[in-house]
Amino acid sequence: MSVDSTQAPASTAKPPDDDLRKGVRAEWLAEHPLVVLGSVLVILVLITGAIEPNYLSSSGMRNTVLLAAPLGIMAAGQTILMLTAGIDLSVAMIATAAAYVAGNQSPNGAAIAIVLGLAVGVAAGTANGIGVGVFRVNPLIMTLAMAAILLGLFTALSFTVLQGSTTVAPFIKTIGGGSFFGNLIPWNAVVWAAVAVIVIVGLRRTGLGRMLYAVGDNPVAVRLAGVRTWQVLIAAYMLAGFFAALAGILLAGRTGAVDLQLANNFLLPSVAAAVIGGTSIFGGVGTYSGTILGALILSVLNSMLTFLDAGQAVQQIIYGAIVLALAWLYARVTQAE
Amino acid sequence: MTALTTRPRATADWRTWVRRRGWTVGVWLLLAVLIIWYANLIPRFGAFQLASITKNSLPLVYLSIAQAVIVIGGGIDLSVGAMLVLTNALAAQTMDGQSFAVTLVIAVAIIIGAAVVNGSVGWIINVSKVPDIVVTLATSFMLSGFALVVLPSPGGGTSDGFRAVFTGSTSGSGSNYWASVAMLLLPMLLVAIFLKRSKTGLSIYATGSDRNAAYLSGIRTGWAKIVAYAIGGAFGAMAGLATVAITGSGESRFSTGANATLRSVAAIVLGGIALTGGTGSVVGAAAAGIILFTLSPILSAMGIDPNTAQVIQGSLIVIVMMIAGLVELRRQRAQ
C-alpha cells in the first residue's frame with residue numbers, strides 16, 4: 001500500500017494510456033494468479049535444469065511427479081480444510097498411522113491393507129471433525145492433540161500388535177513407486193489425477209463443495225441460512241483424513257518400508273503447498289488447481305536443493321526463504337488494484 | 001495475588017471479576033491440585049522434586065509467554081520452538097568454556113538479537129500482508145536451518161554460574177528451587193505488567209482485539225505487532241538459554257522445535273487465551289505451561305509408560321477444550 005502511494009506522483013507524469021495498460025495487466029494477473037504460479041514453476045524447472053542438465057529429461061520429470069503426488073494428495077485435504085478456515089496439523093501422523101496399518105495387514109492382501117489403512121484415516125479425521133464441528137475446539141489444538149495421540153498410540157503399538165509390520169504388499173509398492181507407459185508415468189500420479197478431478201469438480205459443482213467455501217467465508221450467515229455447519233465440518237475433516245491416509249499408503253509404497261518418521265517431513269509442506277497455491281488460511285478463498293501447482297513447485301524446489309548438495313542446514317534456510325518469497329509474491333500479485 | 005486483585009464490592013463487580021480472571025485463577029488452582037496430587041503419588045516430595053518441576057518447566061513456560069504475547073496481539077508464531085533451538089545452539093556454541101561474566105554478556109546479546117530478528121518477522125508480516133501463520137512457518141525452517149549451521153552436532157556447553165542462574169545449582173540439578181521460581185515468576189510478572197499497564201502493552205491488546213478499530217482510533221497497530229513479535233523472540237531466546245542451563249549442552253533438532261511450538265500453542269489455549277487475539281493473560285499461559293510439563297512426571301509416577309502418557313495428555317487437552325467449547329456455546333445461547 002505504502003509503495004503504491006509513493007509511486008503515484010511519478011506515474012502521473014506518464015501518458016495516461018500507458019498507465020491504463022499497466023493497470024489492466026496487473027488486474028489480469030490478479031485474476032489469473034495460476035499463470036504467475038505456472039511461470040514460477042517453469043522458471044524453477046529451468047534453474048534446476050541449469051544446475052543438473054540430466055534433470056530436464058523424461059525421467060527427471062517422472063521423479064518430480066512421483067515425489068509431488070503424496071504431497072499433493074495430502075495438500076488436497078489441507079486445501080479443503082483451509083477453505084473452511086480450518087487446518088489439519090495431524091495429516092502427517094494420520095498418513096503414518098495409515099501406512100502402519102496397511103503394512104500390518106499386507107499379509108492379508110493389498111485390498112484389505114488399503115481399505116483398513118484408509119479406515120484409520122477416516123476415523124481420525126472424523127474424530128477431528130467432531131471436535132471442531134460439534135465441540136467448537138480450535139482446529140489447531142484439536143489436530144495437534146490428534147497428532148500427539150496418534151504418535152503415542154502407534155509408538156506403543158509398534159512394540160506390540162504392529163511389531164514387525166515394516167514392509168508393504170507388492171501391489172502397494174507398485175502403486176506408490178512404480179511407473180507404466182515405458183516407465184514414464186508413475187502410478188501414483190494416476191491416483192493423484194483422480195483425486196484432483198474429484199476435488200476440483202467436487203468443489204465447483206457439488207453442494208458440499210459450495211458449502212465448504214460458504215462455511216469458511218461467513219459461518220454465522222451460513223448457520224442462520226439453516227445449514228448444519230457441524231455436518232459440513234465433519235465431512236471436511238473426514239475427507240482430509242482420507243486423503244492423508246491415501247498419501248501415507250502411497251508414501252509407504254514408494255519407500256517400501258514403514259517407520260514412525262515416514263510422513264513427518266510432509267506436515268509443513270502440505271500447508272505450504274496450499275498457501276503458495278493461493279488458498280487463504282482464513283477460509284473461503286482458494287482452489288485445488290493452485291495447490292497442485294504449489295505441490296509441484298515445492299517438489300521441484302526439493303530436487304533443486306538436493307542437486308545443489310548444500311547440506312541439510314542450507315537447504316532448510318533456502319526452502320523457508322523461497323516459501324516466504326512465494327507467499328509474498330502471491331499476496332502482491334493478487335492484491336494489485 | 002488474589003489479595004491484590006480482588007475488589008470487595010457489589011456482587012455485579014464480583015461476577016465481572018470471575019468472568020475476567022476466572023480462567024486464569026482456575027488454571028493456577030488446577031496446577032496447585034496437580035502438584036499436591038503429584039506430591040502424594042511419589043514416596044518423597046521435597047525441595048528436590050519441586051526444584052526439578054520448576055526448573056524443567058522453564059523452557060515451556062517461556063515459550064508459552066512468547067506465544068501468549070504474540071497471540072494476544074492478533075498473530076501466531078509457529079517459529080518460537082525453532083527460535084528455542086537456534087538460541088540453544090548459539091548459546092551452547094559460544095558459551096563453552098567461558099567465564100560467568102562472559103556467558104551473561106552472551107546471554108543478553110542473544111536475547112536482544114532474537115528480539116530484533118523476531119521483531120523484523122513482525123515487520124515482514126506487516127509489510128507483506130501474508131498471514132502470520134505462513135510467514136512464521138517459513139521462518140521456522142530458516143531458524144532451524146541456521147541452528148544446524150551454528151551447531152551441526154550436539155555439544156557445546158556453558159559456565160557453571162550460568163547454569164545456577166536458571167537452575168539454582170552449578171551442576172544443573174539440586175534442591176535449591178528459589179532461583180528457578182524467581183526466573184519463572186519475575187519475567188512473567190514483568191510482561192504481565194507491561195501488557196496491562198503500559199501504553200504499548202494496551203495497544204497490543206487493542207490490535208489483537210480489532211485491528212481496524214484500533215487503527216482508526218489512532219493506535220500504531222503496525223508497531224504493536226512488531227513489539228509483540230520482539231517480546232516473543234526475546235522469550236524464545238530465554239527458553240533456549242534455559243535449555244542450555246538445564247542440559248548443559250546444545251542440540252539442533254528440527255523436531256524439538258516443532259514439538260515445542262505445538263506445546264506452546266496448546267499451553268496458551270489452555271491458559272485462557274483465545275487464538276483470535278485480544279484476550280487472556282500471560283499469567284494464565286505460564287501456569288498452563290507448567291501444567292503441560294507437570295503431566296509427564298505425574299503420569300510416569302502413576303506407572304504409565306511414556307507412549308500411553310502421550311495419548312492421555314493429548315486426550316486430556318482435547319477434553320478440556322471440548323468442555324471449554326461447550327461452556328462458551330451455552331454462554332452464547334444464553335445471551
# chains A, B, ... in the order shown; residues from 1 in each chain; ligands from 1
$ residues_around --residues "Leu308 (chain A)" --least-positions-apart "4" --cutoff "10 Å" --atoms "only C-alpha atoms" --output "ChimeraX atom specification"
/A:48,51-52,302-304,314-315
$ residues_around --residues "Leu29 (chain B)" --least-positions-apart "6" --cutoff "10 Å" --atoms "only C-alpha atoms" --output "VMD selection string"
chain B and resid 23 35 287
$ write_last_selection --atoms "N, CA and C atoms" --output "compact mmCIF listing (two decimals), in the first residue's frame"
# COMPACT_ATOMS: atom_id res chain seq x y z
N TRP B 23 -10.72 -17.80 34.57
CA TRP B 23 -9.96 -18.85 33.90
C TRP B 23 -8.51 -18.87 34.40
N ILE B 35 0.02 -30.49 41.55
CA ILE B 35 1.27 -30.65 42.29
C ILE B 35 1.03 -31.37 43.61
N ALA B 287 1.03 -20.60 33.75
CA ALA B 287 0.57 -21.72 34.58
C ALA B 287 0.26 -22.93 33.72
$ select_by_dssp --residues "region 139-280 of chain A" --states "alpha helix (DSSP H)" --output "ChimeraX atom specification"
/A:139-159,170-177,187-205,207-217,219-224,229-255,267-276
$ closest_atom_pairs --of "chain B" --to "chain A" --cutoff "7 Å" --atoms "only C-alpha atoms" --output "Markdown table"
| residue | atom | partner | partner_atom | distance |
| --- | --- | --- | --- | --- |
| B:Ser128 | CA | A:Trp328 | CA | 5.7 |
| B:Lys129 | CA | A:Ala331 | CA | 6.9 |
| B:Val130 | CA | A:Trp328 | CA | 6.1 |
| B:Val135 | CA | A:Leu324 | CA | 6.0 |
| B:Ala138 | CA | A:Gly320 | CA | 4.3 |
| B:Thr139 | CA | A:Gly320 | CA | 5.9 |
| B:Phe141 | CA | A:Gly320 | CA | 5.0 |
| B:Met142 | CA | A:Ile317 | CA | 4.0 |
| B:Gly145 | CA | A:Ala313 | CA | 4.3 |
| B:Phe146 | CA | A:Ala313 | CA | 6.5 |
| B:Leu148 | CA | A:Ala313 | CA | 5.2 |
| B:Val149 | CA | A:Ala313 | CA | 5.8 |
| B:Leu262 | CA | A:Leu144 | CA | 6.9 |
| B:Ala266 | CA | A:Ile141 | CA | 6.0 |
| B:Asn307 | CA | A:Gly152 | CA | 4.4 |
| B:Thr308 | CA | A:Gly152 | CA | 5.9 |
| B:Gln310 | CA | A:Gly152 | CA | 5.1 |
| B:Val311 | CA | A:Ile149 | CA | 4.2 |
| B:Gly314 | CA | A:Ala145 | CA | 4.6 |
| B:Ser315 | CA | A:Ile149 | CA | 6.8 |
| B:Ile317 | CA | A:Ala145 | CA | 6.8 |
| B:Val318 | CA | A:Met142 | CA | 6.3 |
| B:Met321 | CA | A:Val137 | CA | 5.8 |
| B:Met322 | CA | A:Phe135 | CA | 5.2 |
| B:Gly325 | CA | A:Arg136 | CA | 5.3 |
| B:Leu326 | CA | A:Phe135 | CA | 6.1 |
$ write_last_selection --atoms "N, CA and C atoms" --output "mmCIF file, in the first residue's frame"
data_model
loop_
_atom_site.group_PDB
_atom_site.id
_atom_site.type_symbol
_atom_site.label_atom_id
_atom_site.label_comp_id
_atom_site.auth_asym_id
_atom_site.auth_seq_id
_atom_site.Cartn_x
_atom_site.Cartn_y
_atom_site.Cartn_z
ATOM 1 N N SER B 128 4.225 -7.408 4.120
ATOM 2 C CA SER B 128 3.850 -8.333 3.049
ATOM 3 C C SER B 128 2.359 -8.631 3.050
ATOM 4 N N LYS B 129 1.692 -8.445 4.200
ATOM 5 C CA LYS B 129 0.289 -8.818 4.353
ATOM 6 C C LYS B 129 0.055 -10.309 4.129
ATOM 7 N N VAL B 130 1.118 -11.093 4.252
ATOM 8 C CA VAL B 130 0.989 -12.550 4.241
ATOM 9 C C VAL B 130 0.594 -12.965 5.657
ATOM 10 N N VAL B 135 4.081 -16.865 7.320
ATOM 11 C CA VAL B 135 5.409 -16.258 7.462
ATOM 12 C C VAL B 135 6.220 -17.006 8.512
ATOM 13 N N ALA B 138 7.459 -20.357 7.475
ATOM 14 C CA ALA B 138 8.659 -20.259 6.636
ATOM 15 C C ALA B 138 9.879 -19.927 7.493
ATOM 16 N N THR B 139 9.721 -18.980 8.422
ATOM 17 C CA THR B 139 10.897 -18.605 9.225
ATOM 18 C C THR B 139 11.300 -19.739 10.171
ATOM 19 N N PHE B 141 11.537 -22.818 9.371
ATOM 20 C CA PHE B 141 12.513 -23.586 8.596
ATOM 21 C C PHE B 141 13.867 -22.889 8.634
ATOM 22 N N MET B 142 13.821 -21.551 8.401
ATOM 23 C CA MET B 142 15.073 -20.812 8.290
ATOM 24 C C MET B 142 15.821 -20.827 9.627
ATOM 25 N N GLY B 145 17.308 -24.085 10.308
ATOM 26 C CA GLY B 145 18.442 -24.258 9.398
ATOM 27 C C GLY B 145 19.681 -23.563 9.936
ATOM 28 N N PHE B 146 19.506 -22.329 10.395
ATOM 29 C CA PHE B 146 20.635 -21.593 10.974
ATOM 30 C C PHE B 146 21.178 -22.315 12.204
ATOM 31 N N LEU B 148 21.334 -25.455 12.666
ATOM 32 C CA LEU B 148 22.192 -26.548 12.192
ATOM 33 C C LEU B 148 23.533 -26.021 11.714
ATOM 34 N N VAL B 149 23.523 -24.804 11.126
ATOM 35 C CA VAL B 149 24.782 -24.214 10.676
ATOM 36 C C VAL B 149 25.661 -23.915 11.888
ATOM 37 N N LEU B 262 4.286 -26.574 19.119
ATOM 38 C CA LEU B 262 2.949 -27.127 19.271
ATOM 39 C C LEU B 262 2.503 -27.072 20.728
ATOM 40 N N ALA B 266 -0.730 -25.165 22.525
ATOM 41 C CA ALA B 266 -1.667 -25.849 23.422
ATOM 42 C C ALA B 266 -1.708 -25.148 24.774
ATOM 43 N N ASN B 307 4.558 -43.579 26.127
ATOM 44 C CA ASN B 307 3.704 -43.520 24.939
ATOM 45 C C ASN B 307 2.237 -43.400 25.302
ATOM 46 N N THR B 308 1.814 -44.238 26.255
ATOM 47 C CA THR B 308 0.438 -44.138 26.727
ATOM 48 C C THR B 308 0.225 -42.772 27.366
ATOM 49 N N GLN B 310 1.533 -40.038 26.508
ATOM 50 C CA GLN B 310 1.317 -39.055 25.454
ATOM 51 C C GLN B 310 -0.127 -39.094 24.950
ATOM 52 N N VAL B 311 -0.654 -40.311 24.807
ATOM 53 C CA VAL B 311 -2.048 -40.454 24.378
ATOM 54 C C VAL B 311 -2.967 -39.780 25.393
ATOM 55 N N GLY B 314 -2.705 -35.919 25.251
ATOM 56 C CA GLY B 314 -3.446 -35.383 24.108
ATOM 57 C C GLY B 314 -4.938 -35.416 24.359
ATOM 58 N N SER B 315 -5.428 -36.573 24.888
ATOM 59 C CA SER B 315 -6.857 -36.696 25.139
ATOM 60 C C SER B 315 -7.307 -35.686 26.178
ATOM 61 N N ILE B 317 -6.049 -32.740 26.816
ATOM 62 C CA ILE B 317 -6.142 -31.411 26.202
ATOM 63 C C ILE B 317 -7.440 -31.288 25.421
ATOM 64 N N VAL B 318 -7.753 -32.330 24.636
ATOM 65 C CA VAL B 318 -8.979 -32.292 23.834
ATOM 66 C C VAL B 318 -10.204 -32.178 24.735
ATOM 67 N N MET B 321 -10.563 -28.760 26.183
ATOM 68 C CA MET B 321 -11.004 -27.809 25.157
ATOM 69 C C MET B 321 -12.468 -28.030 24.773
ATOM 70 N N MET B 322 -12.900 -29.294 24.777
ATOM 71 C CA MET B 322 -14.299 -29.581 24.441
ATOM 72 C C MET B 322 -15.216 -28.987 25.496
ATOM 73 N N GLY B 325 -15.325 -25.390 25.046
ATOM 74 C CA GLY B 325 -16.156 -25.070 23.887
ATOM 75 C C GLY B 325 -17.635 -25.127 24.224
ATOM 76 N N LEU B 326 -18.040 -26.158 24.985
ATOM 77 C CA LEU B 326 -19.448 -26.295 25.355
ATOM 78 C C LEU B 326 -19.889 -25.145 26.261
#
$ residues_around --residues "region 73-81 of chain B" --least-positions-apart "2" --cutoff "9 Å" --atoms "only C-alpha atoms" --output "NGL selection string"
:B and (63 or 66-71 or 83-86 or 122 or 131-141 or 143-144 or 203-211 or 224-225 or 228-229 or 232-233 or 235-237 or 239-240 or 254 or 256-262 or 264-265 or 275-279)
$ closest_residue --among "A:Leu162, A:Ala247, A:Val65, A:Leu203" --to "Ala95 (chain A)" --atoms "only C-alpha atoms"
A:Ala247
$ closest_residue --among "B:Asn118, B:Ser180, B:Asn88, B:Gln332" --to "Ala47 (chain B)" --atoms "only C-alpha atoms"
B:Ser180
$ select_by_dssp --residues "region 33-278 of chain A" --states "strand (DSSP E or B)" --output "list in words"
Thr167, Ser179, Phe180, Ile185, Pro186 and Ala257 of chain A
$ write_last_selection --atoms "C-alpha atoms" --output "JSON list (two decimals), in the first residue's frame"
[["chain", "number", "residue", "atom", "x", "y", "z"],
["A", 167, "THR", "CA", 7.06, -53.67, 4.75],
["A", 179, "SER", "CA", 5.56, -46.45, -13.32],
["A", 180, "PHE", "CA", 3.98, -47.55, -16.58],
["A", 185, "ILE", "CA", 4.14, -42.13, -15.87],
["A", 186, "PRO", "CA", 4.20, -43.00, -12.18],
["A", 257, "ALA", "CA", 9.14, -49.61, 4.31]]
$ atom_distance --atom1 "CA of Val120 (chain A)" --atom2 "CA of Gly248 (chain A)"
11.0 Å
$ atom_distance --atom1 "CA of Met302 (chain B)" --atom2 "CA of Ser171 (chain B)"
28.2 Å
$ residues_around --residues "Gly117 (chain A)" --least-positions-apart "3" --cutoff "9 Å" --atoms "only C-alpha atoms" --output "mmCIF file with C-alpha atoms, in the first residue's frame"
data_model
loop_
_atom_site.group_PDB
_atom_site.id
_atom_site.type_symbol
_atom_site.label_atom_id
_atom_site.label_comp_id
_atom_site.auth_asym_id
_atom_site.auth_seq_id
_atom_site.Cartn_x
_atom_site.Cartn_y
_atom_site.Cartn_z
ATOM 1 C CA ALA A 95 -0.542 -40.744 6.988
ATOM 2 C CA ALA A 97 -0.726 -44.402 11.054
ATOM 3 C CA ALA A 98 -2.479 -45.487 7.849
ATOM 4 C CA ALA A 99 0.817 -46.706 6.391
ATOM 5 C CA TYR A 100 1.468 -48.703 9.560
ATOM 6 C CA VAL A 101 -1.909 -50.393 9.437
ATOM 7 C CA ALA A 102 -1.539 -51.064 5.713
ATOM 8 C CA GLY A 103 1.882 -52.589 6.384
ATOM 9 C CA GLN A 105 -2.384 -56.018 7.078
ATOM 10 C CA ILE A 112 -7.688 -55.361 2.844
ATOM 11 C CA ALA A 113 -4.498 -53.491 3.745
ATOM 12 C CA ILE A 114 -5.506 -50.414 1.747
ATOM 13 C CA VAL A 120 -7.817 -45.375 10.088
ATOM 14 C CA GLY A 121 -7.543 -42.044 8.283
ATOM 15 C CA VAL A 122 -11.309 -41.628 8.048
ATOM 16 C CA ALA A 245 -4.243 -41.855 4.735
ATOM 17 C CA LEU A 246 -4.141 -42.316 0.958
ATOM 18 C CA GLY A 248 0.553 -42.224 3.603
ATOM 19 C CA ILE A 249 -0.119 -45.559 1.886
#
$ closest_residue --among "B:Arg20, B:Leu58, B:Ser120, B:Gly155" --to "Gly248 (chain B)" --atoms "only C-alpha atoms"
B:Gly155
$ atom_distance --atom1 "CA of Val33 (chain B)" --atom2 "CA of Ala242 (chain B)"
25.9 Å
